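Asker: Dumping the structure here so I can ask a few things about it.
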Amino acid sequence: MPKKRSGGGLTTTQQAAKFLGVSVLSGAVLAGIALPAFGALGLAAKGSVESFDELPANLKTPPLSQRTTILDAKGEQIATVYSRDRTVVDLKDMSPYIQKAIVAIEDSRFYQHGAVDLKGILRALNKNAQTGGVSQGASTLTQQYVKNVFVEEAGDDPTKVAQATQQTLGRKIRELKYAIQVEEELGKKKILENYLNITFFGQQAYGVEAASQRYFSKHAKDLTLPEAALLAGIVQSPSRYDPVNDEAEATKRRNVVLERMAEVGDVSQAEADQAKKAPLGLKVTQPKNGCITAVQGASFFCKYVERVFKSDPVFGKTKEERAKVWNQGGLTIQTTLDPQAQQSVQDSLKDHVYKSDKVAAAATLVEPGTGKILAMGQSKPYGYGKNETEYNYSVNAAMGGSNFGFPTGSTFKPFVAAAALEEGRPVTQTYPAPYQMPYPNQVQTCSGKPWVNTDNAKLENEAESEVGPYALKKAMELSVNTYFVQMLADIGMCPVVKMTDALGVVQGNGDKVPEVPSSMTLGSTGLSPLTMASAYAAFASRGMYCTPIAIESITQTVNGQKKSLEVPKSTCSRAMSEKTADSINTLLSGVVDSGTGKQAGLSGRANAGKTGTTDERKNAWFVGYTPNLSGAVWVGSATQKVKMTNITIGGVYHSQVYGGDTPGPIWRDAMSGALEGKEAPSFNLVDIPNPPDRNRGDEDDEGNDGGNGNQDLIGGLIDGGNSNTGGITLPDNLFQGQTNGGGNGNGNGGRG
């Protein structure tokens, strides 16, 4: 007995003969129907008589692309995204009317013939001969299904789509071969189910479930007879029979389907006639595809989630692999977004900054100890029109943000203080801190090669009254520039580099913060709100830094089967001792109690924070936190061309914008709403004794100690020191913030 094979027990030779025989009969006829000429038939062309042993798995259970649903932390929908708007359903979840209607109009002999309908071919050949053209096709539902699988695989690649739909005899033979196998292995019901899930119904709807929702706002299982007939009629030409744009043409086509259903006995003539009288009854649901449709202003967060998916190796080793999974869809992505916090952020932004203002604002909230991003928003909505933007000002460039981030001003100073405390400096550390002084002659770097003040650059404090000496607590409250530059000169830049590395602080373009005093103290380098909120969250969690995360879980549905995907996890590590963190929390509590951040302070909760503005008032920041929530707010121009002086923002006039009076209130209101109804834990504060009162003369005397032109780290920093900088005019752009790839400057940008 010959060995049984999957091709019906035939040998390879017999299978080839069988296939060739069918091809001679059907291929030639098909060529006569659909092709202007087919030469010498070409049935022996390479690939036309391949073995029948293996049917590609995608033809059995095609990996149909579906919509992806993005949810917030409470399980509510934020947005749906898809390359194909499709929801795969079982045949039992499709109305019997749609099953009958599609068969009646597309392949009425579907249950009587095999993969090829020879009677249909002859009928079509006769019809086309009479008309002198191609007025009737002969492809069966099975053949159409096979073609649709190849088109689906091609995705949005125009070259592959063209190959999948090219009118050649070779493609017809290939489809025919697979159609025969599909009939043998799947059976009629499964073929019909797959066909109704894969085919295009117009208006961006793929599959009957999406089509039912699009045109009638109901499930496919609930379709009535006239509704099913309408959908079945669309398939032949979705643009021509589009009921939304041409109701009359769609109605005529629907009635053709109804008449055909009566002819084949699916419904009575009376039922068909009654259905023809019914109005189309459209109840159109507009397609909502993409993050632009996200609720609660979460479009930017939604795009951030998409970019995380497409960039993180956990979802695929290569960019192409990750993109394929994303485009395949069928994902349910549960995110970290807290709807209460998100609504509060959006409400606060809307109240304080108008989308039509010359400047914009961005805010991000992060949970200390977990890294979860709870809210992310900005004043200019996501979009492509006037006063809209597709750039996410809260994140780095690689994740859709600005090219360089935004200079942070004095919000960088707590990193310097934390580094100094870790180096053993006391929390009462005092420096002379004059009103104005040159930068240090030299400052040690991690490389061992010191930074040298070759330009004899100077800096000054915000107000002439800010003249030291100051202890750390008062210097932080008043945001004294010269104090922190002196602190940097004392400890060197490497401890600050180590601290910022531990806190995940990088520039908006992904590079490390340059080892330059203006960057390492006064925040002249561009950073993102997400970076700042995550770094400050480490203070709130007593020294533990957690990398930010946006995704909690992902479930993928493929061919009706659900599986969980691995997602990126937050990595938490100790960035500083608990003692250092507690000291910083105490220092920054003073900023909101009696310092530059008083207007941002929360009532009834332990809170801490730091203000920041930059040269020419091009950027203003407030970054702050409670023990259970950290947030960063930036206000400025994305182009860095708007100076926030004599400006109206959110209907409020400002002669000069400060970190405390514009981003501060945004932070306060956003945090208050986000924390409403939540617990109010306390910080572990430390005792910081106040320095003894001394008269100004004593301070000046101490301020002059060592100011004799010495070349040590403090040399030349003290007011009156012999630093050889007198009469030097600095170039205007020396301290410009990073704009369009600009430099590291902004020497006086670290204001409160």
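The chains in the structure tokens are called A, B, ... from first to last as shown; in each chain the residues are counted from 1, and the ligands are counted from 1 in the order shown.
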Would you list, as number ranges by chain, the residues of stretch 66-231 of chain A that end up in strand (DSSP E) under DSSP run on this structure's backbone?
Answerer: A: 68-71, 77-81
Asker: For A:Phe315, list every protein, DNA or RNA residue within 10 Å, evaluated using only C-alpha atoms, and leave out those in the same chain fewer than 4 positions away; present the list as a PDB file with C-alpha atoms, in the first residue's frame.
Answerer:
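Listed below is the output, out-v2.pdb:
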ATOM      1  CA  VAL A 308       8.460  52.668  24.707  1.00  0.00           C
ATOM      2  CA  PHE A 309       7.028  49.614  22.964  1.00  0.00           C
ATOM      3  CA  LYS A 310       8.855  50.288  19.713  1.00  0.00           C
ATOM      4  CA  SER A 311      12.205  50.979  21.399  1.00  0.00           C
ATOM      5  CA  LYS A 319      13.284  47.611  15.580  1.00  0.00           C
ATOM      6  CA  GLU A 321      10.464  42.878  15.159  1.00  0.00           C
ATOM      7  CA  ARG A 322       8.978  45.362  17.602  1.00  0.00           C
ATOM      8  CA  ALA A 323       7.222  47.294  14.835  1.00  0.00           C
ATOM      9  CA  VAL A 325       4.239  43.173  16.898  1.00  0.00           C
ATOM     10  CA  TRP A 326       2.885  46.710  17.333  1.00  0.00           C
ATOM     11  CA  LEU A 565       3.756  39.741  27.237  1.00  0.00           C
ATOM     12  CA  GLU A 566       6.749  40.647  29.329  1.00  0.00           C
ATOM     13  CA  VAL A 567       6.938  44.388  30.026  1.00  0.00           C
ATOM     14  CA  PRO A 568       9.787  46.667  31.105  1.00  0.00           C
TER      15      PRO A 568
END
Asker: Hey, what's within 10 Å of A:Gly595 if we count only C-alpha atoms and toss same-chain stuff fewer than 5 positions away? As a PyMOL selection string, please?
Answerer: chain A and resi 473-479+588-590+609-611+660+752
Asker: Could you save the residues just selected, with N, CA, C and O atoms, as a PDB file, in the first residue's frame?
Answerer:
ATOM      1  N   LYS A 473      21.246  75.916  54.250  1.00  0.00           N
ATOM      2  CA  LYS A 473      19.786  76.038  54.331  1.00  0.00           C
ATOM      3  C   LYS A 473      19.310  77.363  53.732  1.00  0.00           C
ATOM      4  O   LYS A 473      18.394  77.390  52.900  1.00  0.00           O
ATOM      5  N   LYS A 474      19.937  78.468  54.125  1.00  0.00           N
ATOM      6  CA  LYS A 474      19.526  79.769  53.614  1.00  0.00           C
ATOM      7  C   LYS A 474      19.881  79.918  52.147  1.00  0.00           C
ATOM      8  O   LYS A 474      19.114  80.505  51.358  1.00  0.00           O
ATOM      9  N   ALA A 475      21.017  79.376  51.765  1.00  0.00           N
ATOM     10  CA  ALA A 475      21.431  79.464  50.362  1.00  0.00           C
ATOM     11  C   ALA A 475      20.449  78.722  49.460  1.00  0.00           C
ATOM     12  O   ALA A 475      20.170  79.164  48.337  1.00  0.00           O
ATOM     13  N   MET A 476      19.903  77.601  49.950  1.00  0.00           N
ATOM     14  CA  MET A 476      18.922  76.850  49.164  1.00  0.00           C
ATOM     15  C   MET A 476      17.598  77.608  49.095  1.00  0.00           C
ATOM     16  O   MET A 476      16.968  77.682  48.032  1.00  0.00           O
ATOM     17  N   GLU A 477      17.175  78.170  50.215  1.00  0.00           N
ATOM     18  CA  GLU A 477      15.918  78.909  50.235  1.00  0.00           C
ATOM     19  C   GLU A 477      15.953  80.104  49.274  1.00  0.00           C
ATOM     20  O   GLU A 477      14.982  80.373  48.567  1.00  0.00           O
ATOM     21  N   LEU A 478      17.076  80.820  49.254  1.00  0.00           N
ATOM     22  CA  LEU A 478      17.197  82.008  48.419  1.00  0.00           C
ATOM     23  C   LEU A 478      17.741  81.696  47.036  1.00  0.00           C
ATOM     24  O   LEU A 478      17.771  82.564  46.171  1.00  0.00           O
ATOM     25  N   SER A 479      18.187  80.456  46.842  1.00  0.00           N
ATOM     26  CA  SER A 479      18.745  80.030  45.555  1.00  0.00           C
ATOM     27  C   SER A 479      19.944  80.894  45.164  1.00  0.00           C
ATOM     28  O   SER A 479      19.987  81.505  44.094  1.00  0.00           O
ATOM     29  N   LEU A 588      14.734  71.466  51.170  1.00  0.00           N
ATOM     30  CA  LEU A 588      13.753  71.870  50.158  1.00  0.00           C
ATOM     31  C   LEU A 588      12.385  72.155  50.758  1.00  0.00           C
ATOM     32  O   LEU A 588      11.564  72.834  50.138  1.00  0.00           O
ATOM     33  N   SER A 589      12.112  71.642  51.950  1.00  0.00           N
ATOM     34  CA  SER A 589      10.883  72.035  52.656  1.00  0.00           C
ATOM     35  C   SER A 589      10.941  73.518  52.992  1.00  0.00           C
ATOM     36  O   SER A 589       9.924  74.226  52.962  1.00  0.00           O
ATOM     37  N   GLY A 590      12.144  73.994  53.284  1.00  0.00           N
ATOM     38  CA  GLY A 590      12.313  75.411  53.582  1.00  0.00           C
ATOM     39  C   GLY A 590      12.059  76.292  52.374  1.00  0.00           C
ATOM     40  O   GLY A 590      11.612  77.434  52.511  1.00  0.00           O
ATOM     41  N   GLY A 609      10.386  71.410  47.470  1.00  0.00           N
ATOM     42  CA  GLY A 609      10.591  71.667  46.052  1.00  0.00           C
ATOM     43  C   GLY A 609      11.619  72.730  45.816  1.00  0.00           C
ATOM     44  O   GLY A 609      12.193  73.298  46.744  1.00  0.00           O
ATOM     45  N   LYS A 610      11.853  73.006  44.547  1.00  0.00           N
ATOM     46  CA  LYS A 610      12.864  73.991  44.164  1.00  0.00           C
ATOM     47  C   LYS A 610      12.408  74.727  42.911  1.00  0.00           C
ATOM     48  O   LYS A 610      11.876  74.120  41.973  1.00  0.00           O
ATOM     49  N   THR A 611      12.637  76.025  42.919  1.00  0.00           N
ATOM     50  CA  THR A 611      12.338  76.866  41.767  1.00  0.00           C
ATOM     51  C   THR A 611      13.554  76.955  40.856  1.00  0.00           C
ATOM     52  O   THR A 611      14.673  76.662  41.252  1.00  0.00           O
ATOM     53  N   GLY A 660       8.726  80.492  40.970  1.00  0.00           N
ATOM     54  CA  GLY A 660       7.728  80.389  42.017  1.00  0.00           C
ATOM     55  C   GLY A 660       6.367  80.918  41.634  1.00  0.00           C
ATOM     56  O   GLY A 660       5.350  80.462  42.167  1.00  0.00           O
ATOM     57  N   GLY A 752      16.058  81.728  41.181  1.00  0.00           N
ATOM     58  CA  GLY A 752      14.946  81.104  41.853  1.00  0.00           C
ATOM     59  C   GLY A 752      13.655  81.250  41.143  1.00  0.00           C
ATOM     60  O   GLY A 752      13.403  82.104  40.383  1.00  0.00           O
TER      61      GLY A 752
END
Asker: Set the distance at 9 Å and use only C-alpha atoms: which residues neighbour A:Val480 once local chain neighbours fewer than 2 positions away are removed? I'd like the list as a short mmCIF file (atom, residue, chain, number, x, y, z; two decimals) with C-alpha atoms, in the first residue's frame.
Answerer:
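Now in selection-v1.cif:
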data_model
loop_
_atom_site.label_atom_id
_atom_site.label_comp_id
_atom_site.auth_asym_id
_atom_site.auth_seq_id
_atom_site.Cartn_x
_atom_site.Cartn_y
_atom_site.Cartn_z
CA SER A 410 18.33 76.40 39.97
CA ALA A 433 28.88 83.60 48.50
CA TYR A 435 26.87 88.94 45.09
CA GLU A 460 26.15 86.86 40.00
CA ASN A 461 23.16 86.32 42.26
CA GLU A 462 19.61 87.30 41.45
CA GLU A 466 22.19 88.46 48.26
CA VAL A 467 25.63 88.76 49.81
CA GLY A 468 27.08 86.01 51.98
CA TYR A 470 25.49 81.81 53.74
CA LYS A 474 19.53 79.77 53.61
CA ALA A 475 21.43 79.46 50.36
CA MET A 476 18.92 76.85 49.16
CA GLU A 477 15.92 78.91 50.24
CA LEU A 478 17.20 82.01 48.42
CA THR A 482 27.55 81.97 44.01
CA TYR A 483 27.11 79.67 47.00
CA PHE A 484 26.59 76.58 44.85
CA GLY A 750 20.26 79.40 38.08
CA ARG A 751 17.85 81.85 39.59
CA GLY A 752 14.95 81.10 41.85
#
Asker: Which polymer residues have any atom within 9 Å of an atom of A:Gly560, counting only C-alpha atoms, with same-chain residues fewer than 5 positions away left out, as a tab-separated table (two decimals) with N, CA, C and O atoms, in the first residue's frame?
Answerer:
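As written to disk, around-v4.tsv reads:
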chain	number	residue	atom	x	y	z
A	88	VAL	N	-11.44	40.51	15.77
A	88	VAL	CA	-11.73	39.15	15.31
A	88	VAL	C	-12.78	38.51	16.21
A	88	VAL	O	-12.67	38.55	17.44
A	89	VAL	N	-13.82	37.92	15.58
A	89	VAL	CA	-14.88	37.24	16.34
A	89	VAL	C	-15.14	35.87	15.72
A	89	VAL	O	-14.82	35.61	14.56
A	90	ASP	N	-15.72	34.98	16.51
A	90	ASP	CA	-16.07	33.64	16.02
A	90	ASP	C	-17.31	33.72	15.13
A	90	ASP	O	-18.09	34.68	15.20
Asker: List the spatial neighbours of A:Gln296 as number ranges by chain - criterion: any atom at most 12 Å away, only C-alpha atoms, same-chain residues fewer than 3 positions off excluded.
Answerer: A: 72, 76-79, 291-293, 299-302, 337-347, 350, 375-378, 381-382
Asker: Write to file, as a short mmCIF file (atom, residue, chain, number, x, y, z; two decimals), in the first residue's frame, the residues of the selection just made, with N, CA, C and O atoms.
Answerer:
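Output file again.cif follows:
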data_model
loop_
_atom_site.label_atom_id
_atom_site.label_comp_id
_atom_site.auth_asym_id
_atom_site.auth_seq_id
_atom_site.Cartn_x
_atom_site.Cartn_y
_atom_site.Cartn_z
N ASP A 72 -5.88 53.11 31.15
CA ASP A 72 -5.21 53.75 32.29
C ASP A 72 -5.08 52.75 33.43
O ASP A 72 -5.43 51.57 33.30
N GLU A 76 -9.71 51.99 32.47
CA GLU A 76 -10.54 52.76 31.54
C GLU A 76 -9.75 53.06 30.26
O GLU A 76 -8.54 53.27 30.30
N GLN A 77 -10.44 53.09 29.13
CA GLN A 77 -9.77 53.27 27.85
C GLN A 77 -9.23 54.68 27.67
O GLN A 77 -9.92 55.67 27.91
N ILE A 78 -7.97 54.76 27.27
CA ILE A 78 -7.35 56.03 26.92
C ILE A 78 -7.48 56.27 25.42
O ILE A 78 -7.88 57.34 24.97
N ALA A 79 -7.15 55.24 24.63
CA ALA A 79 -7.20 55.37 23.17
C ALA A 79 -7.10 53.98 22.54
O ALA A 79 -6.72 53.00 23.20
N CYS A 291 -3.27 58.05 18.99
CA CYS A 291 -3.17 58.77 20.26
C CYS A 291 -3.81 60.15 20.20
O CYS A 291 -4.10 60.74 21.23
N ILE A 292 -4.02 60.67 18.99
CA ILE A 292 -4.63 61.99 18.87
C ILE A 292 -6.05 61.99 19.43
O ILE A 292 -6.59 63.03 19.78
N THR A 293 -6.65 60.81 19.55
CA THR A 293 -8.02 60.70 20.08
C THR A 293 -8.05 60.40 21.58
O THR A 293 -9.12 60.20 22.14
N SER A 299 -2.83 62.30 25.11
CA SER A 299 -2.25 61.96 23.82
C SER A 299 -0.74 61.82 23.89
O SER A 299 -0.15 60.91 23.29
N PHE A 300 -0.09 62.72 24.61
CA PHE A 300 1.37 62.67 24.69
C PHE A 300 1.83 61.44 25.47
O PHE A 300 2.82 60.81 25.11
N PHE A 301 1.12 61.11 26.51
CA PHE A 301 1.45 59.90 27.26
C PHE A 301 1.23 58.67 26.39
O PHE A 301 2.03 57.73 26.40
N CYS A 302 0.15 58.67 25.63
CA CYS A 302 -0.15 57.56 24.73
C CYS A 302 0.98 57.35 23.73
O CYS A 302 1.44 56.23 23.50
N LEU A 337 -0.94 55.30 34.08
CA LEU A 337 -1.59 56.60 34.14
C LEU A 337 -2.75 56.59 35.13
O LEU A 337 -3.69 55.80 35.01
N ASP A 338 -2.68 57.48 36.10
CA ASP A 338 -3.75 57.60 37.10
C ASP A 338 -4.75 58.65 36.61
O ASP A 338 -4.38 59.82 36.43
N PRO A 339 -6.01 58.27 36.38
CA PRO A 339 -6.96 59.22 35.79
C PRO A 339 -7.18 60.46 36.65
O PRO A 339 -7.37 61.56 36.12
N GLN A 340 -7.16 60.30 37.96
CA GLN A 340 -7.34 61.46 38.84
C GLN A 340 -6.17 62.43 38.70
O GLN A 340 -6.36 63.65 38.57
N ALA A 341 -4.96 61.90 38.70
CA ALA A 341 -3.78 62.74 38.56
C ALA A 341 -3.73 63.39 37.18
O ALA A 341 -3.40 64.58 37.04
N GLN A 342 -4.06 62.63 36.14
CA GLN A 342 -4.03 63.17 34.78
C GLN A 342 -5.03 64.30 34.62
O GLN A 342 -4.72 65.34 34.02
N GLN A 343 -6.23 64.12 35.15
CA GLN A 343 -7.24 65.17 35.05
C GLN A 343 -6.80 66.42 35.79
O GLN A 343 -7.00 67.55 35.32
N SER A 344 -6.16 66.23 36.93
CA SER A 344 -5.70 67.36 37.72
C SER A 344 -4.61 68.13 36.99
O SER A 344 -4.60 69.37 36.98
N VAL A 345 -3.69 67.42 36.36
CA VAL A 345 -2.63 68.07 35.59
C VAL A 345 -3.23 68.88 34.45
O VAL A 345 -2.87 70.04 34.23
N GLN A 346 -4.15 68.28 33.71
CA GLN A 346 -4.74 68.98 32.58
C GLN A 346 -5.55 70.20 33.02
O GLN A 346 -5.49 71.25 32.39
N ASP A 347 -6.29 70.06 34.11
CA ASP A 347 -7.07 71.19 34.62
C ASP A 347 -6.16 72.34 35.04
O ASP A 347 -6.44 73.52 34.76
N LYS A 350 -4.60 74.06 31.99
CA LYS A 350 -5.61 74.85 31.29
C LYS A 350 -5.91 76.14 32.04
O LYS A 350 -6.15 77.19 31.43
N ALA A 375 0.98 60.90 35.54
CA ALA A 375 0.33 61.92 34.72
C ALA A 375 1.37 62.59 33.84
O ALA A 375 2.55 62.69 34.21
N MET A 376 0.91 63.05 32.67
CA MET A 376 1.81 63.73 31.73
C MET A 376 0.94 64.59 30.81
O MET A 376 0.05 64.08 30.14
N GLY A 377 1.18 65.87 30.82
CA GLY A 377 0.37 66.75 29.98
C GLY A 377 1.09 68.03 29.63
O GLY A 377 2.16 68.34 30.18
N GLN A 378 0.50 68.81 28.74
CA GLN A 378 1.05 70.11 28.39
C GLN A 378 -0.04 71.02 27.87
O GLN A 378 -1.14 70.57 27.51
N PRO A 381 -2.20 71.34 22.89
CA PRO A 381 -2.71 69.99 22.64
C PRO A 381 -1.91 69.26 21.57
O PRO A 381 -1.22 69.87 20.75
N TYR A 382 -2.07 67.95 21.56
CA TYR A 382 -1.44 67.12 20.53
C TYR A 382 -2.18 67.34 19.21
O TYR A 382 -3.41 67.27 19.15
#
Asker: Among the residues of stretch 147-306 of chain A, find those DSSP assigns to alpha helix (DSSP H) from the backbone and print them as a PyMOL selection string.
Answerer: chain A and resi 147-154+158-165+169-186+188-198+208-216+225-234+247-263+269-277+299-306
Asker: List every residue of stretch 255-330 of chain A that has an atom at most 7 Å from any atom of stretch 193-216 of chain A, and for each one report the closest atom pair and its distance in Å to one decimal, counting only C-alpha atoms, with rows sorted by chain and then by increasing residue number, as JSON lines.
Answerer:
{"residue": "A:Leu282", "atom": "CA", "partner": "A:Phe216", "partner_atom": "CA", "distance": 5.4}
{"residue": "A:Lys283", "atom": "CA", "partner": "A:Phe216", "partner_atom": "CA", "distance": 4.5}
{"residue": "A:Val284", "atom": "CA", "partner": "A:Tyr215", "partner_atom": "CA", "distance": 4.5}
{"residue": "A:Thr285", "atom": "CA", "partner": "A:Arg214", "partner_atom": "CA", "distance": 4.9}
{"residue": "A:Gln286", "atom": "CA", "partner": "A:Arg214", "partner_atom": "CA", "distance": 6.7}
Asker: For the residues in that selection, give me N, CA, C and O atoms as a PDB file, in the first residue's frame.
Answerer:
ATOM      1  N   LEU A 282     -28.266  54.043   9.035  1.00  0.00           N
ATOM      2  CA  LEU A 282     -26.880  54.192   9.501  1.00  0.00           C
ATOM      3  C   LEU A 282     -26.827  54.890  10.853  1.00  0.00           C
ATOM      4  O   LEU A 282     -27.568  55.835  11.127  1.00  0.00           O
ATOM      5  N   LYS A 283     -25.947  54.391  11.684  1.00  0.00           N
ATOM      6  CA  LYS A 283     -25.627  55.038  12.951  1.00  0.00           C
ATOM      7  C   LYS A 283     -24.109  54.983  13.065  1.00  0.00           C
ATOM      8  O   LYS A 283     -23.540  54.150  13.759  1.00  0.00           O
ATOM      9  N   VAL A 284     -23.483  55.879  12.323  1.00  0.00           N
ATOM     10  CA  VAL A 284     -22.035  55.800  12.101  1.00  0.00           C
ATOM     11  C   VAL A 284     -21.251  56.194  13.350  1.00  0.00           C
ATOM     12  O   VAL A 284     -21.539  57.213  13.984  1.00  0.00           O
ATOM     13  N   THR A 285     -20.282  55.358  13.692  1.00  0.00           N
ATOM     14  CA  THR A 285     -19.303  55.692  14.721  1.00  0.00           C
ATOM     15  C   THR A 285     -18.013  56.072  14.008  1.00  0.00           C
ATOM     16  O   THR A 285     -17.433  55.265  13.289  1.00  0.00           O
ATOM     17  N   GLN A 286     -17.612  57.317  14.175  1.00  0.00           N
ATOM     18  CA  GLN A 286     -16.413  57.775  13.483  1.00  0.00           C
ATOM     19  C   GLN A 286     -15.191  57.003  13.967  1.00  0.00           C
ATOM     20  O   GLN A 286     -15.056  56.716  15.155  1.00  0.00           O
TER      21      GLN A 286
END
Asker: If you count only C-alpha atoms, which residues fall within 9 Å of A:Thr645, apart from same-chain ones fewer than 5 positions away, as a list in words?
Answerer: Glu616, Arg617, Lys618, His654, Ser655, Gln656 and Val657 of chain A
Asker: Restricting the output to C-alpha atoms, write the selected residues as a compact mmCIF listing (two decimals), in the first residue's frame.
Answerer:
# COMPACT_ATOMS: atom_id res chain seq x y z
CA GLU A 616 16.60 86.23 29.96
CA ARG A 617 13.68 84.39 31.55
CA LYS A 618 13.47 81.90 28.68
CA HIS A 654 4.12 89.28 34.45
CA SER A 655 6.82 91.92 34.39
CA GLN A 656 9.22 89.03 34.99
CA VAL A 657 8.42 85.34 35.27
Asker: Find, counting only C-alpha atoms, the residue in A:Tyr304, A:Thr411, A:Gly504, A:Ile70 that gets nearest to A:Thr525.
Answerer: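 The answer is A:Thr411, which sits nearest to A:Thr525.
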Asker: Please identify every residue of stretch 609-687 of chain A that has at least one atom no farther than 9 Å from an atom of stretch 532-555 of chain A, counting only C-alpha atoms, and for each give the shortest atom pair and the distance in Å to one decimal, arranged by chain then increasing number, as JSON lines.
Answerer:
{"residue": "A:Gly609", "atom": "CA", "partner": "A:Tyr536", "partner_atom": "CA", "distance": 8.5}
{"residue": "A:Val623", "atom": "CA", "partner": "A:Ala533", "partner_atom": "CA", "distance": 6.7}
{"residue": "A:Gly624", "atom": "CA", "partner": "A:Tyr536", "partner_atom": "CA", "distance": 7.0}
{"residue": "A:Tyr625", "atom": "CA", "partner": "A:Ala540", "partner_atom": "CA", "distance": 6.6}
{"residue": "A:Thr626", "atom": "CA", "partner": "A:Ala540", "partner_atom": "CA", "distance": 6.4}
{"residue": "A:Pro627", "atom": "CA", "partner": "A:Ala540", "partner_atom": "CA", "distance": 4.8}
{"residue": "A:Asn628", "atom": "CA", "partner": "A:Ala540", "partner_atom": "CA", "distance": 7.1}
{"residue": "A:Leu629", "atom": "CA", "partner": "A:Ala537", "partner_atom": "CA", "distance": 7.2}
{"residue": "A:Ser630", "atom": "CA", "partner": "A:Ala537", "partner_atom": "CA", "distance": 5.2}
{"residue": "A:Gly631", "atom": "CA", "partner": "A:Ala533", "partner_atom": "CA", "distance": 4.9}
{"residue": "A:Ala632", "atom": "CA", "partner": "A:Ala533", "partner_atom": "CA", "distance": 4.9}
{"residue": "A:Val633", "atom": "CA", "partner": "A:Ala533", "partner_atom": "CA", "distance": 8.6}
{"residue": "A:Phe683", "atom": "CA", "partner": "A:Ala540", "partner_atom": "CA", "distance": 7.8}
{"residue": "A:Asn684", "atom": "CA", "partner": "A:Arg542", "partner_atom": "CA", "distance": 8.5}
Asker: Interatomic distance between atom CA of A:Asp687 and atom CA of A:Pro495?
Answerer: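 Separation of atom CA of A:Asp687 and atom CA of A:Pro495: 24.3 Å.
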Asker: Quick one: distance from atom CA of A:Tyr439 to atom CA of A:Ser519 in Å, one decimal?
Answerer: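 Going from atom CA of A:Tyr439 over to atom CA of A:Ser519, I get 12.4 Å.
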Asker: Atom CA of A:Thr68 and atom CA of A:Thr332, how far apart in Å?
Answerer: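 Value for the atom CA of A:Thr332-atom CA of A:Thr68 distance: 5.9 Å.
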